[in-house]
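K.L.:
The structure under discussion is supplied below as structure tokens; questions concerning it will follow.
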Amino acid sequence: MLIFRIFKARGRFLGKVKVHSVIGDHLVDNEEPKYGTMAGARRLDRSNDPDTSARNIFLPIDHQDGSNPQIELDTPFPGIFIYRFSEGYNYPNANHYLDYMVETIFRQTRRTNPDSYGKLGDRPWNDPGPRRGREVDRHDDRPTLKAIILDFSSVNNVDITSIQHLIDVRNQLDRYASPDTVEWHFACINNRWTKRALASAGFGYPTPESESGGFHRWKPIFSVAELGGIDSAAAAAEYTQNRNEIKRRRTMDMEQGKAKTLEEEEADHVNSTPDSESIRGSLERTLSKSKAYGQEPVARMAVVHGLNRPLFHIDLTSALQSAIHNVERHRHGEPTGVGTGADTAGAVTT
């Protein structure tokens, strides 16, 4: 039974739905914060922000995971598919996984260029096309294939056969979408060796254009997070509070006629704090980096994953954002120079 389940494993296409967190009969986000750093803080007016009390999740379109079948799932984007592996991804089930994926994609999309075959003999044996004597249906309202997002959350290890299957399917779908190329995004890769195997096969980076041999400009989206310790937002807030206190004391001293320099006030305040060494180091680093003496520190951010593979994402949300963004740029016909790099102003997600 185990062998049959592994060999016949079938992936699932995912749709997007917005969910809310509820306790009793009210939303969690409508409560005042009681714990953490926001305890006692006044809630800002975010009535115009539709995402403050909701978040997007991704569920199987067929609801075979036990979710409520009455919930209608939204298609991620026309021409973009999110596909999740269910039982790992290795040579026993690679063919079964990808055959189902390709079959579904062919059924829900149309060829980008219906006249891509110069003569009848160039058409593959498994692509029957229109009947003899009939023209290709040019009024097909199905979208063209733009991008595929693979959810690797259940994949631990891969082998050379499964990677080769991905390469073959990539070439097949590039011919299907010609003259465009299909973007392959990967989300939730848990094993660094799996990521390395995919990178060695050419994944994780945009596919070069077939005609020019170069890359069109694109704007990558990376996930970033705050650095801890002295570079965190809490340390920055503490620094700001200390600066305000020093300015307040200096104003009072000036009114009393015994003004000190700002450096002396800072030294007195730092030496009077319990953890003077750490705060002194934070102040010195911040002052050395600032162009103006009165500039306040900003919490430092760092990229969660590497920058050299922009199509490897930390979660499905960032993968979908990146895919949609690149599709819209291509659709709007923004200037695209042929090069080897991304736009200098890349977007980030926190």
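To be explicit about the labels: the chains of the structure tokens are called A, B, and onward in the order shown, and within each one the residues are counted from 1, while ligands get numbers from 1 in the order they are shown.
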For Tyr91 of chain A, work out the shell of residues within 9 Å, counting only C-alpha atoms and skipping chain neighbours fewer than 3 positions away, then give it as number ranges by chain.
P.N.:
A: 7, 94-95, 158-163, 165
K.L.:
Can you list, as a PyMOL selection string, every protein, DNA or RNA residue that comes within 9 Å of Pro76 of chain A when you count only C-alpha atoms, leaving out same-chain residues fewer than 6 positions away?
P.N.:
chain A and resi 14-16+82+320+324
K.L.:
So how many Å separate atom CA of Gly204 of chain A and atom CA of Val182 of chain A, to one decimal?
P.N.:
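Atom-to-atom, atom CA of Gly204 of chain A and atom CA of Val182 of chain A are spaced 12.3 Å apart.
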K.L.:
Between A:Leu145, A:Ile221, A:Gln321, A:Ile189, single out the one closest to Asn308 of chain A, counting only C-alpha atoms.
P.N.:
A:Ile221
K.L.:
Between A:Arg10, A:His325, A:Arg250, A:Lys146, which is the closest to Tyr176 of chain A once you count only C-alpha atoms?
P.N.:
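Ranked by minimum distance to Tyr176 of chain A, first place goes to A:Lys146.
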K.L.:
Set the distance at 12 Å and use only C-alpha atoms: which residues neighbour Met101 of chain A once local chain neighbours fewer than 2 positions away are removed? I'd like the list as a VMD selection string.
P.N.:
chain A and resid 9 to 14 81 to 85 94 to 99 103 to 108 148 to 150 166 169 to 170 173
K.L.:
How far is it from atom CA of Arg300 of chain A to atom CA of Cys188 of chain A, in Å with one decimal?
P.N.:
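Interatomic distance here is 24.4 Å.
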K.L.:
Considering only C-alpha atoms, state which residue in the set A:Phe77, A:Asn156, A:Asn190, A:Ser86 is at the smallest distance from Gln64 of chain A.
P.N.:
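Closest residue, counting only C-alpha atoms: A:Ser86.
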